[in-house]
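Listing of my_file_7.cif, mmCIF, C-alpha atoms and all ligand atoms
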data_protein
#
loop_
_atom_site.label_atom_id
_atom_site.label_comp_id
_atom_site.auth_asym_id
_atom_site.auth_seq_id
_atom_site.Cartn_x
_atom_site.Cartn_y
_atom_site.Cartn_z
CA MET E 1 -10.48 -37.60 155.81
CA ALA E 2 -9.58 -40.80 153.95
CA VAL E 3 -6.46 -39.06 152.60
CA ALA E 4 -5.48 -38.01 156.14
CA VAL E 5 -5.93 -41.54 157.52
CA ILE E 6 -3.92 -43.10 154.68
CA THR E 7 -1.15 -40.50 155.08
CA ALA E 8 -1.06 -41.16 158.83
CA LEU E 9 -0.87 -44.93 158.32
CA ILE E 10 1.98 -44.49 155.82
CA ALA E 11 3.78 -42.19 158.29
CA ILE E 12 3.39 -44.82 161.04
CA ALA E 13 4.67 -47.59 158.77
CA VAL E 14 7.67 -45.50 157.67
CA GLY E 15 8.39 -44.56 161.30
CA ILE E 16 8.35 -48.19 162.45
CA TRP E 17 10.49 -49.26 159.48
CA LEU E 18 12.99 -46.48 160.30
CA SER E 19 13.11 -47.59 163.94
CA TYR E 20 14.45 -50.95 162.71
CA GLN E 21 17.04 -49.32 160.42
CA ILE E 22 18.59 -47.09 163.06
CA HIS E 23 21.26 -48.74 165.23
CA TRP E 24 20.49 -47.02 168.49
CA PHE E 25 23.01 -48.69 170.75
CA PRO E 26 26.48 -50.22 170.89
CA VAL E 27 26.86 -53.99 170.64
CA GLN E 28 24.86 -56.10 173.11
CA ALA E 29 27.22 -57.95 175.43
CA SER E 30 24.94 -59.07 178.27
CA THR E 31 21.57 -60.72 178.76
CA GLN E 32 20.45 -57.51 180.51
CA ALA E 33 21.33 -55.53 177.36
CA LYS E 34 19.03 -57.70 175.22
CA ARG E 35 16.07 -57.17 177.56
CA THR E 36 16.75 -53.44 177.88
CA ASP E 37 17.03 -52.94 174.12
CA HIS E 38 13.88 -54.93 173.49
CA LEU E 39 12.03 -52.76 175.99
CA TYR E 40 13.41 -49.64 174.33
CA HIS E 41 12.31 -50.75 170.90
CA VAL E 42 8.82 -51.64 172.11
CA LEU E 43 8.56 -48.15 173.64
CA VAL E 44 9.74 -46.55 170.39
CA ILE E 45 7.18 -48.52 168.36
CA ALA E 46 4.40 -47.65 170.83
CA THR E 47 5.21 -43.94 170.64
CA ILE E 48 5.31 -43.68 166.82
CA PRO E 49 1.49 -43.93 166.28
CA ILE E 50 0.96 -41.51 169.20
CA PHE E 51 3.39 -39.02 167.70
CA VAL E 52 1.68 -39.30 164.29
CA LEU E 53 -1.77 -38.89 165.91
CA VAL E 54 -0.75 -35.77 167.87
CA VAL E 55 1.00 -34.14 164.90
CA SER E 56 -1.94 -34.99 162.60
CA VAL E 57 -4.45 -33.36 164.97
CA ILE E 58 -2.23 -30.27 165.27
CA LEU E 59 -1.80 -29.95 161.50
CA TYR E 60 -5.53 -30.53 160.91
CA CYS E 61 -6.51 -27.85 163.45
CA VAL E 62 -3.97 -25.34 162.12
CA TRP E 63 -5.37 -25.82 158.64
CA GLN E 64 -9.09 -26.20 159.43
CA PHE E 65 -9.47 -23.49 162.07
CA ARG E 66 -7.04 -20.91 160.70
CA MET E 67 -8.19 -17.31 160.63
CA LYS E 68 -9.64 -16.37 157.28
CA PRO E 69 -9.69 -12.81 155.87
CA GLY E 70 -12.44 -10.78 157.54
CA GLU E 71 -12.38 -12.86 160.77
CA GLU E 72 -9.82 -10.70 162.57
CA LEU E 73 -12.27 -9.44 165.22
CA LYS E 74 -14.31 -12.63 165.58
CA ASP E 75 -14.17 -14.90 168.60
CA GLY E 76 -14.49 -18.70 168.54
CA PRO E 77 -17.78 -20.42 169.39
CA PRO E 78 -18.45 -20.62 173.19
CA ILE E 79 -17.81 -24.30 174.02
CA HIS E 80 -17.71 -25.72 177.53
CA GLY E 81 -16.43 -29.24 178.01
CA ASN E 82 -16.84 -32.44 176.07
CA THR E 83 -17.21 -35.34 178.51
CA ARG E 84 -16.75 -38.12 175.97
CA LEU E 85 -13.57 -36.56 174.59
CA GLU E 86 -12.18 -35.84 178.05
CA VAL E 87 -12.79 -39.40 179.28
CA PHE E 88 -11.10 -40.70 176.13
CA TRP E 89 -8.00 -38.52 176.40
CA THR E 90 -7.61 -39.40 180.08
CA ALA E 91 -8.26 -43.13 179.80
CA LEU E 92 -6.12 -43.83 176.75
CA PRO E 93 -2.86 -42.27 178.07
CA THR E 94 -3.50 -43.92 181.46
CA VAL E 95 -3.74 -47.37 179.90
CA LEU E 96 -0.74 -46.73 177.64
CA LEU E 97 1.45 -45.38 180.43
CA LEU E 98 0.50 -48.14 182.88
CA SER E 99 1.31 -50.84 180.34
CA MET E 100 4.68 -49.25 179.47
CA VAL E 101 5.54 -48.79 183.16
CA GLY E 102 4.42 -52.38 183.84
CA TYR E 103 6.65 -53.77 181.09
CA SER E 104 9.62 -51.64 182.27
CA PHE E 105 9.08 -52.94 185.79
CA VAL E 106 9.11 -56.55 184.58
CA VAL E 107 12.39 -55.97 182.65
CA LEU E 108 14.02 -54.29 185.66
CA ALA E 109 12.94 -57.08 188.01
CA GLU E 110 14.20 -59.68 185.54
CA ASN E 111 17.58 -57.88 185.17
CA GLU E 112 18.04 -57.63 188.93
CA LYS E 113 16.90 -61.15 189.80
CA LYS E 114 19.40 -63.13 191.87
CA PRO E 115 20.41 -66.27 189.96
CA ALA E 116 21.21 -69.64 191.54
CA HIS E 117 24.92 -68.95 191.09
CA GLU E 118 26.81 -65.69 190.81
CA ILE E 119 30.27 -64.34 191.54
CA GLN E 120 31.05 -61.24 193.57
CA ILE E 121 33.44 -58.57 192.33
CA GLY E 122 34.23 -55.33 194.15
CA VAL E 123 34.47 -52.07 192.20
CA THR E 124 36.29 -49.12 193.74
CA GLY E 125 36.05 -45.69 192.18
CA GLN E 126 38.36 -42.84 193.08
CA GLN E 127 39.64 -39.73 191.38
CA PHE E 128 40.40 -40.73 188.65
CA PHE E 129 40.58 -44.46 188.17
CA TRP E 130 38.91 -47.77 188.83
CA SER E 131 40.14 -50.80 190.70
CA PHE E 132 38.54 -54.20 191.12
CA GLN E 133 38.56 -56.63 194.01
CA TYR E 134 38.25 -60.36 193.43
CA PRO E 135 37.43 -62.11 196.74
CA PRO E 136 38.80 -65.56 197.70
CA SER E 137 35.49 -67.11 196.60
CA VAL E 138 36.43 -66.07 193.04
CA THR E 139 40.22 -66.48 193.08
CA GLY E 140 40.31 -69.69 195.10
CA GLY E 141 43.24 -68.14 196.96
CA ALA E 142 44.06 -64.73 198.36
CA GLU E 143 41.97 -61.67 197.59
CA LEU E 144 43.13 -60.00 194.41
CA ASN E 145 43.12 -56.27 193.82
CA SER E 146 43.57 -55.31 190.19
CA TYR E 147 43.27 -52.32 187.89
CA GLU E 148 41.88 -54.60 185.22
CA LEU E 149 38.38 -56.03 184.94
CA TYR E 150 38.14 -59.57 183.61
CA LEU E 151 34.82 -61.41 183.56
CA PRO E 152 34.00 -65.00 182.61
CA VAL E 153 31.41 -65.23 179.86
CA ASN E 154 27.89 -66.50 180.69
CA GLU E 155 28.38 -66.09 184.41
CA THR E 156 26.40 -63.57 186.45
CA VAL E 157 28.56 -61.10 188.31
CA HIS E 158 27.28 -59.10 191.25
CA PHE E 159 29.24 -55.85 191.46
CA ASN E 160 29.72 -54.32 194.91
CA MET E 161 30.65 -50.71 194.28
CA ARG E 162 32.31 -48.27 196.64
CA SER E 163 33.74 -44.80 196.23
CA LYS E 164 36.80 -43.50 198.07
CA ASP E 165 36.07 -39.80 197.56
CA VAL E 166 33.23 -38.30 195.53
CA ILE E 167 30.25 -39.70 193.64
CA HIS E 168 31.12 -41.65 190.49
CA ALA E 169 29.00 -43.81 188.23
CA PHE E 170 30.11 -47.17 186.90
CA TRP E 171 28.72 -47.46 183.39
CA ILE E 172 29.24 -50.32 180.96
CA PRO E 173 27.40 -49.24 177.77
CA ALA E 174 27.63 -52.68 176.15
CA PHE E 175 25.84 -54.15 179.18
CA ARG E 176 23.32 -51.23 179.34
CA LEU E 177 24.00 -51.00 183.06
CA GLN E 178 25.00 -48.14 185.29
CA GLU E 179 24.92 -47.37 188.99
CA ASP E 180 26.26 -44.55 191.13
CA LEU E 181 29.12 -45.07 193.58
CA VAL E 182 28.26 -43.06 196.66
CA PRO E 183 30.82 -42.45 199.44
CA GLY E 184 29.79 -44.26 202.63
CA ILE E 185 27.53 -46.88 201.09
CA THR E 186 27.89 -49.90 198.83
CA THR E 187 25.77 -50.05 195.71
CA HIS E 188 25.21 -53.01 193.42
CA TYR E 189 24.17 -54.31 190.07
CA ARG E 190 24.16 -57.63 188.31
CA ALA E 191 25.47 -58.32 184.83
CA THR E 192 25.58 -61.52 182.83
CA PRO E 193 28.08 -61.00 180.01
CA ASP E 194 27.20 -63.31 177.13
CA ARG E 195 29.60 -62.18 174.42
CA ILE E 196 33.37 -62.53 174.46
CA GLY E 197 35.17 -59.27 173.71
CA GLU E 198 36.45 -56.00 175.09
CA TYR E 199 34.09 -53.23 176.05
CA PRO E 200 34.57 -49.79 177.59
CA ALA E 201 33.59 -49.03 181.18
CA VAL E 202 33.17 -45.34 181.85
CA CYS E 203 32.66 -43.03 184.79
CA ASN E 204 29.40 -41.30 183.94
CA LEU E 205 29.21 -38.63 186.64
CA LEU E 206 31.37 -35.52 186.45
CA CYS E 207 33.75 -36.17 189.35
CA GLY E 208 36.55 -33.66 188.83
CA VAL E 209 39.18 -32.51 186.33
CA GLY E 210 40.24 -36.06 185.46
CA HIS E 211 36.71 -37.33 184.91
CA SER E 212 37.13 -37.82 181.16
CA LEU E 213 40.14 -40.08 181.80
CA MET E 214 38.25 -42.30 184.22
CA ARG E 215 37.75 -45.18 181.82
CA THR E 216 38.79 -48.77 181.65
CA THR E 217 38.15 -51.90 179.61
CA VAL E 218 35.93 -54.83 180.46
CA HIS E 219 37.48 -58.05 179.19
CA VAL E 220 34.86 -60.76 178.75
CA VAL E 221 36.72 -64.03 178.30
CA THR E 222 36.13 -67.78 178.48
CA PRO E 223 36.00 -69.27 182.01
CA ALA E 224 39.34 -71.00 181.33
CA ALA E 225 40.98 -67.73 180.27
CA PHE E 226 39.44 -66.02 183.30
CA HIS E 227 40.93 -68.52 185.74
CA ALA E 228 44.28 -68.40 183.94
CA TRP E 229 44.27 -64.61 184.27
CA ILE E 230 43.39 -64.79 187.99
CA LYS E 231 46.21 -67.30 188.52
CA SER E 232 48.76 -65.14 186.69
CA GLN E 233 47.71 -62.08 188.70
CA LEU E 234 47.92 -63.96 191.99
CA SER E 235 51.41 -65.27 191.26
CA ALA E 236 52.50 -61.82 190.04
CA SER E 237 51.29 -60.21 193.28
CA THR E 238 52.98 -62.83 195.51
CA ALA E 239 56.17 -62.46 193.42
CA SER E 240 56.18 -58.69 193.90
CA THR E 241 55.61 -58.98 197.67
CA THR E 242 58.35 -61.61 198.15
CA THR E 243 60.86 -59.57 196.13
CA GLY E 244 60.08 -56.52 198.23
CA GLY E 245 57.54 -55.01 195.84
CA ALA E 246 60.07 -53.38 193.51
CA SER E 247 57.28 -52.24 191.21
CA GLY E 248 55.58 -50.54 194.13
CU CU E 301 34.40 -40.48 188.32
#

Could you write out this file's structure as structure tokens?
Amino acid sequence: MAVAVITALIAIAVGIWLSYQIHWFPVQASTQAKRTDHLYHVLVIATIPIFVLVVSVILYCVWQFRMKPGEELKDGPPIHGNTRLEVFWTALPTVLLLSMVGYSFVVLAENEKKPAHEIQIGVTGQQFFWSFQYPPSVTGGAELNSYELYLPVNETVHFNMRSKDVIHAFWIPAFRLQEDLVPGITTHYRATPDRIGEYPAVCNLLCGVGHSLMRTTVHVVTPAAFHAWIKSQLSASTASTTTGGASG
């Protein structure tokens, strides 16, 4: 018994150590990503002792209660119920599950909380590309429609997502956020990018033959670079309309 307990404790320790060595996810580029990853790691650590316990009980029973020579026609002892054991194996998973669900709920609520200040950006999905709408409240001028997604760092953005045809899903792995785009309704999520860089945004629902090409890049830049980009896009779009839109 002592050997079994020590082996189990070593297995738990090795499992938890391994969970720190494995890089589960891409780089964290939003405050939501940090909370989500922390939640994930807590869940992994909570499940390691349970996994070891279950496997230990299985191995012990396989070894202890195996059929020995001469027992081929024997039946097991007639046992009916064990109240203490049944209460234990109902109460423990209930407490564990409720605490994990509770923590997940807190993280979700925290990720979706409306901050004092946020910017609105429209996301349009269609077979097989993305476009982004920056309203006058963001551009300080006319509304801007672009095929590029630029975001200012450390500013919460509220995405308003619409689909023109079928269901798509707007997934930014580095932000750990994803939501479906459903024709006829507008869906939302909030992201607070907190790391300057370029990250992929991917359609994560099979939407047709061009689905695998439905990707773009999220550019997280300084607020100054963001406003400079908006300005350059606005002047480019007015230039193309005044010259008759040669580029189409
Ligand atoms: Cu798609």

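Within the 10 Å cut-off around region 20-22 of chain E, using all atoms listed in the file and omitting residues fewer than 3 positions from it on the same chain, the listed residues are Gly15, Ile16, Trp17, Phe25, His41 and Ile45 of chain E.
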
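For the residues E:His168, E:Arg190, E:Arg195, E:His227, ranking by smallest atom-to-atom distance to ligand CU 301 (chain E) using only C-alpha atoms and all ligand atoms places E:His168 first.
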
| task | Output the neighbourhood of ligand CU 301 (chain E) as a PyMOL selection string, that is, all protein and nucleic acid residues with some atom at most 10 Å from the ligand, counting only C-alpha atoms and all ligand atoms. | result | chain E and resi 125-130+163+165-170+180-181+202-215

Residues as selected, C-alpha atoms, written as a short mmCIF file (atom, residue, chain, number, x, y, z; two decimals), keeping the file's coordinate frame, can you do that?
data_model
loop_
_atom_site.label_atom_id
_atom_site.label_comp_id
_atom_site.auth_asym_id
_atom_site.auth_seq_id
_atom_site.Cartn_x
_atom_site.Cartn_y
_atom_site.Cartn_z
CA GLY E 125 36.05 -45.69 192.18
CA GLN E 126 38.36 -42.84 193.08
CA GLN E 127 39.64 -39.73 191.38
CA PHE E 128 40.40 -40.73 188.65
CA PHE E 129 40.58 -44.46 188.17
CA TRP E 130 38.91 -47.77 188.83
CA SER E 163 33.74 -44.80 196.23
CA ASP E 165 36.07 -39.80 197.56
CA VAL E 166 33.23 -38.30 195.53
CA ILE E 167 30.25 -39.70 193.64
CA HIS E 168 31.12 -41.65 190.49
CA ALA E 169 29.00 -43.81 188.23
CA PHE E 170 30.11 -47.17 186.90
CA ASP E 180 26.26 -44.55 191.13
CA LEU E 181 29.12 -45.07 193.58
CA VAL E 202 33.17 -45.34 181.85
CA CYS E 203 32.66 -43.03 184.79
CA ASN E 204 29.40 -41.30 183.94
CA LEU E 205 29.21 -38.63 186.64
CA LEU E 206 31.37 -35.52 186.45
CA CYS E 207 33.75 -36.17 189.35
CA GLY E 208 36.55 -33.66 188.83
CA VAL E 209 39.18 -32.51 186.33
CA GLY E 210 40.24 -36.06 185.46
CA HIS E 211 36.71 -37.33 184.91
CA SER E 212 37.13 -37.82 181.16
CA LEU E 213 40.14 -40.08 181.80
CA MET E 214 38.25 -42.30 184.22
CA ARG E 215 37.75 -45.18 181.82
#

| For Gln32 (chain E): contacts at 12 Å, only C-alpha atoms, fewer than 3 positions along chain excluded, given as an MDAnalysis selection string | chainID E and resid 28:29 35:39 107:113 154 156:157 172:178 189:195

Those residues you just picked out, can you put them in a file as a short mmCIF file (atom, residue, chain, number, x, y, z; two decimals), keeping the file's coordinate frame with C-alpha atoms?
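The resulting file, out_6.cif, is reproduced below:
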data_model
loop_
_atom_site.label_atom_id
_atom_site.label_comp_id
_atom_site.auth_asym_id
_atom_site.auth_seq_id
_atom_site.Cartn_x
_atom_site.Cartn_y
_atom_site.Cartn_z
CA GLN E 28 24.86 -56.10 173.11
CA ALA E 29 27.22 -57.95 175.43
CA ARG E 35 16.07 -57.17 177.56
CA THR E 36 16.75 -53.44 177.88
CA ASP E 37 17.03 -52.94 174.12
CA HIS E 38 13.88 -54.93 173.49
CA LEU E 39 12.03 -52.76 175.99
CA VAL E 107 12.39 -55.97 182.65
CA LEU E 108 14.02 -54.29 185.66
CA ALA E 109 12.94 -57.08 188.01
CA GLU E 110 14.20 -59.68 185.54
CA ASN E 111 17.58 -57.88 185.17
CA GLU E 112 18.04 -57.63 188.93
CA LYS E 113 16.90 -61.15 189.80
CA ASN E 154 27.89 -66.50 180.69
CA THR E 156 26.40 -63.57 186.45
CA VAL E 157 28.56 -61.10 188.31
CA ILE E 172 29.24 -50.32 180.96
CA PRO E 173 27.40 -49.24 177.77
CA ALA E 174 27.63 -52.68 176.15
CA PHE E 175 25.84 -54.15 179.18
CA ARG E 176 23.32 -51.23 179.34
CA LEU E 177 24.00 -51.00 183.06
CA GLN E 178 25.00 -48.14 185.29
CA TYR E 189 24.17 -54.31 190.07
CA ARG E 190 24.16 -57.63 188.31
CA ALA E 191 25.47 -58.32 184.83
CA THR E 192 25.58 -61.52 182.83
CA PRO E 193 28.08 -61.00 180.01
CA ASP E 194 27.20 -63.31 177.13
CA ARG E 195 29.60 -62.18 174.42
#

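When CA of Glu179 (chain E) is paired with CA of Tyr199 (chain E), their separation reads 16.9 Å.
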
Could you build a table of the residues in region 99-153 of chain E lying no more than 12 Å from region 233-239 of chain E, giving for each the nearest pair of atoms and their separation in Å rounded to one decimal place, using only C-alpha atoms, ordered by chain and ascending residue number, as JSON lines?
{"residue": "E:Gln133", "atom": "CA", "partner": "E:Gln233", "partner_atom": "CA", "distance": 11.9}
{"residue": "E:Tyr134", "atom": "CA", "partner": "E:Leu234", "partner_atom": "CA", "distance": 10.4}
{"residue": "E:Pro135", "atom": "CA", "partner": "E:Leu234", "partner_atom": "CA", "distance": 11.7}
{"residue": "E:Pro136", "atom": "CA", "partner": "E:Leu234", "partner_atom": "CA", "distance": 10.9}
{"residue": "E:Val138", "atom": "CA", "partner": "E:Leu234", "partner_atom": "CA", "distance": 11.7}
{"residue": "E:Thr139", "atom": "CA", "partner": "E:Leu234", "partner_atom": "CA", "distance": 8.2}
{"residue": "E:Gly140", "atom": "CA", "partner": "E:Leu234", "partner_atom": "CA", "distance": 10.0}
{"residue": "E:Gly141", "atom": "CA", "partner": "E:Leu234", "partner_atom": "CA", "distance": 8.0}
{"residue": "E:Ala142", "atom": "CA", "partner": "E:Leu234", "partner_atom": "CA", "distance": 7.5}
{"residue": "E:Glu143", "atom": "CA", "partner": "E:Leu234", "partner_atom": "CA", "distance": 8.5}
{"residue": "E:Leu144", "atom": "CA", "partner": "E:Leu234", "partner_atom": "CA", "distance": 6.7}
{"residue": "E:Asn145", "atom": "CA", "partner": "E:Gln233", "partner_atom": "CA", "distance": 9.0}
{"residue": "E:Ser146", "atom": "CA", "partner": "E:Gln233", "partner_atom": "CA", "distance": 8.1}
{"residue": "E:Tyr147", "atom": "CA", "partner": "E:Gln233", "partner_atom": "CA", "distance": 10.8}
{"residue": "E:Glu148", "atom": "CA", "partner": "E:Gln233", "partner_atom": "CA", "distance": 10.1}
{"residue": "E:Leu149", "atom": "CA", "partner": "E:Gln233", "partner_atom": "CA", "distance": 11.7}
{"residue": "E:Tyr150", "atom": "CA", "partner": "E:Gln233", "partner_atom": "CA", "distance": 11.1}

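Contact shell of region 56-69 of chain E at 12 Å (only C-alpha atoms; same-chain neighbours under 5 positions omitted): Met1, Val3, Ala4, Val5, Ile6, Thr7, Ala8, Leu9, Ala11, Ile12, Pro49, Ile50, Phe51, Lys74, Asp75, Gly76 and Pro77 of chain E.
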
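Here CA of Arg84 (chain E) and CA of Ser99 (chain E) stand 22.5 Å from one another.
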
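Here CA of Ala228 (chain E) stands at a distance of 26.2 Å from CA of Val27 (chain E).
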
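Residue nearest Thr31 (chain E), chosen from E:His219, E:Trp229, E:Ala46, E:Val153 and counting all atoms listed in the file: E:Val153.
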
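Among the candidate residues E:Pro152, E:Pro93, E:Pro183, E:Gly102, the one lying nearest to Gly197 (chain E) is E:Pro152, with distances computed using all atoms listed in the file.
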
| query | Looking at E:Glu118, E:Glu155, E:Glu71, E:Glu86, which one is nearest to Phe226 (chain E), with distances taken over all atoms listed in the file? | reply | E:Glu155
